[in-house]
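To start, the structure under review is shown below, and the notes come after it.
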Amino acid sequence: MVSCPTCGRTKIDLIGLANQVENMVTEFDHLNVKVAVMGCVVNGPGEAREADLGIAGGIGEGLLIRKGEVIRKVPEEQLLEALRQELMKL
C-alpha cells in the first residue's frame, strides 16, 4: 500500500482512510497487488498510476482508479467499499 504525503489539496481524512485501507487489505494478502490511497482528485490519479488499484478523495466524493485510469466516481462514504469490491474481483 502507498499513500500520498498530503498537501493543501487534501479534502478528506487521508490518514484515517489510509488506516482503514491498510486494515482492509490484510484480508487480501494472498494477492500480489499495490494499492494507492491519495488525498485529492487533482494529483491522485497520476500519483496512483503505478498501483494496481487506488482511491483518491475529493469533496464528498472520490475516484476509483485501476492501473492509472479512473474507472468511476463514488460518494466519499462508499470509497472503501468500492475499493474492497475491486479487490474481490482480482
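Letters A, B, ... mark the chains of the C-alpha cells in the order given; residue numbers begin at 1 per chain; ligand numbers begin at 1, in order shown.
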
Nearby residues (only C-alpha atoms) at most 9 Å from Cys7 in chain A, same-chain spacing under 3 positions excluded, as number ranges by chain: A: 4, 10, 39-40

Neighbouring residues of Leu83 in chain A were defined as those with any atom within 10 Å, considering only C-alpha atoms; residues of the same chain fewer than 4 positions away were excluded. Please report them as number ranges by chain. A: 21, 24-25, 35, 53-55, 63-66, 78-79, 87-88

In chain A, DSSP strand (DSSP E or B) residues written as a PyMOL selection string: chain A and resi 2-3+35-38+53-57+61-66+69-75

Near Gln20 in chain A, counting only C-alpha atoms, which residues have an atom at most 12 Å away, once you skip same-chain residues fewer than 6 positions from it, shown as an MDAnalysis selection string? chainID A and resid 1 13:14 26:27 37 79:81 83:84

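The two atoms in question, CA of Ala48 in chain A and CA of Val33 in chain A, are spaced 12.6 Å apart.
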
All residues 6 Å or closer to Val41 in chain A, only C-alpha atoms, same chain fewer than 6 positions away omitted, as a VMD selection string: chain A and resid 56 to 58

Wanna dump the range 21-61 of chain A-range 67-73 of chain A contacts at 8 Å for me, each residue with its shortest atom pair and the distance in Å to one decimal, counting only C-alpha atoms, ordered by chain and number, as a tab-separated table?
residue	atom	partner	partner_atom	distance
A:Pro45	CA	A:Gly68	CA	6.0
A:Gly46	CA	A:Gly68	CA	6.5
A:Ala48	CA	A:Gly68	CA	5.9
A:Arg49	CA	A:Gly68	CA	3.5
A:Glu50	CA	A:Gly68	CA	6.6
A:Ala51	CA	A:Lys67	CA	5.9
A:Asp52	CA	A:Lys67	CA	4.8
A:Leu53	CA	A:Lys67	CA	6.2
A:Glu61	CA	A:Lys73	CA	6.9

Store the residues of this selection in a file with N, CA and C atoms, as an mmCIF file, in the first residue's frame.
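Wrote result.cif, looks like this:
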data_model
loop_
_atom_site.group_PDB
_atom_site.id
_atom_site.type_symbol
_atom_site.label_atom_id
_atom_site.label_comp_id
_atom_site.auth_asym_id
_atom_site.auth_seq_id
_atom_site.Cartn_x
_atom_site.Cartn_y
_atom_site.Cartn_z
ATOM 1 N N PRO A 45 -4.829 10.622 -9.274
ATOM 2 C CA PRO A 45 -4.790 9.620 -10.342
ATOM 3 C C PRO A 45 -3.398 9.444 -10.961
ATOM 4 N N GLY A 46 -2.679 10.517 -11.148
ATOM 5 C CA GLY A 46 -1.331 10.418 -11.700
ATOM 6 C C GLY A 46 -0.367 9.753 -10.742
ATOM 7 N N ALA A 48 -1.142 7.641 -8.503
ATOM 8 C CA ALA A 48 -1.548 6.245 -8.298
ATOM 9 C C ALA A 48 -1.328 5.389 -9.533
ATOM 10 N N ARG A 49 -0.748 5.929 -10.578
ATOM 11 C CA ARG A 49 -0.632 5.208 -11.845
ATOM 12 C C ARG A 49 0.202 3.934 -11.735
ATOM 13 N N GLU A 50 1.111 3.865 -10.793
ATOM 14 C CA GLU A 50 1.938 2.668 -10.618
ATOM 15 C C GLU A 50 1.242 1.578 -9.812
ATOM 16 N N ALA A 51 0.106 1.918 -9.220
ATOM 17 C CA ALA A 51 -0.622 0.955 -8.389
ATOM 18 C C ALA A 51 -1.613 0.153 -9.235
ATOM 19 N N ASP A 52 -1.924 -1.028 -8.763
ATOM 20 C CA ASP A 52 -2.932 -1.845 -9.431
ATOM 21 C C ASP A 52 -4.324 -1.252 -9.220
ATOM 22 N N LEU A 53 -4.583 -0.806 -7.999
ATOM 23 C CA LEU A 53 -5.846 -0.175 -7.647
ATOM 24 C C LEU A 53 -5.566 1.019 -6.751
ATOM 25 N N GLU A 61 -16.762 13.173 -2.412
ATOM 26 C CA GLU A 61 -16.702 12.084 -3.386
ATOM 27 C C GLU A 61 -15.252 11.723 -3.635
#

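The spacing separating CA of Ala18 in chain A from CA of Ser3 in chain A amounts to 7.0 Å.
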
As a VMD selection string, please: every residue in range 12-86 of chain A that DSSP puts in helix (DSSP H, G or I). chain A and resid 14 to 28 44 to 47 76 to 86
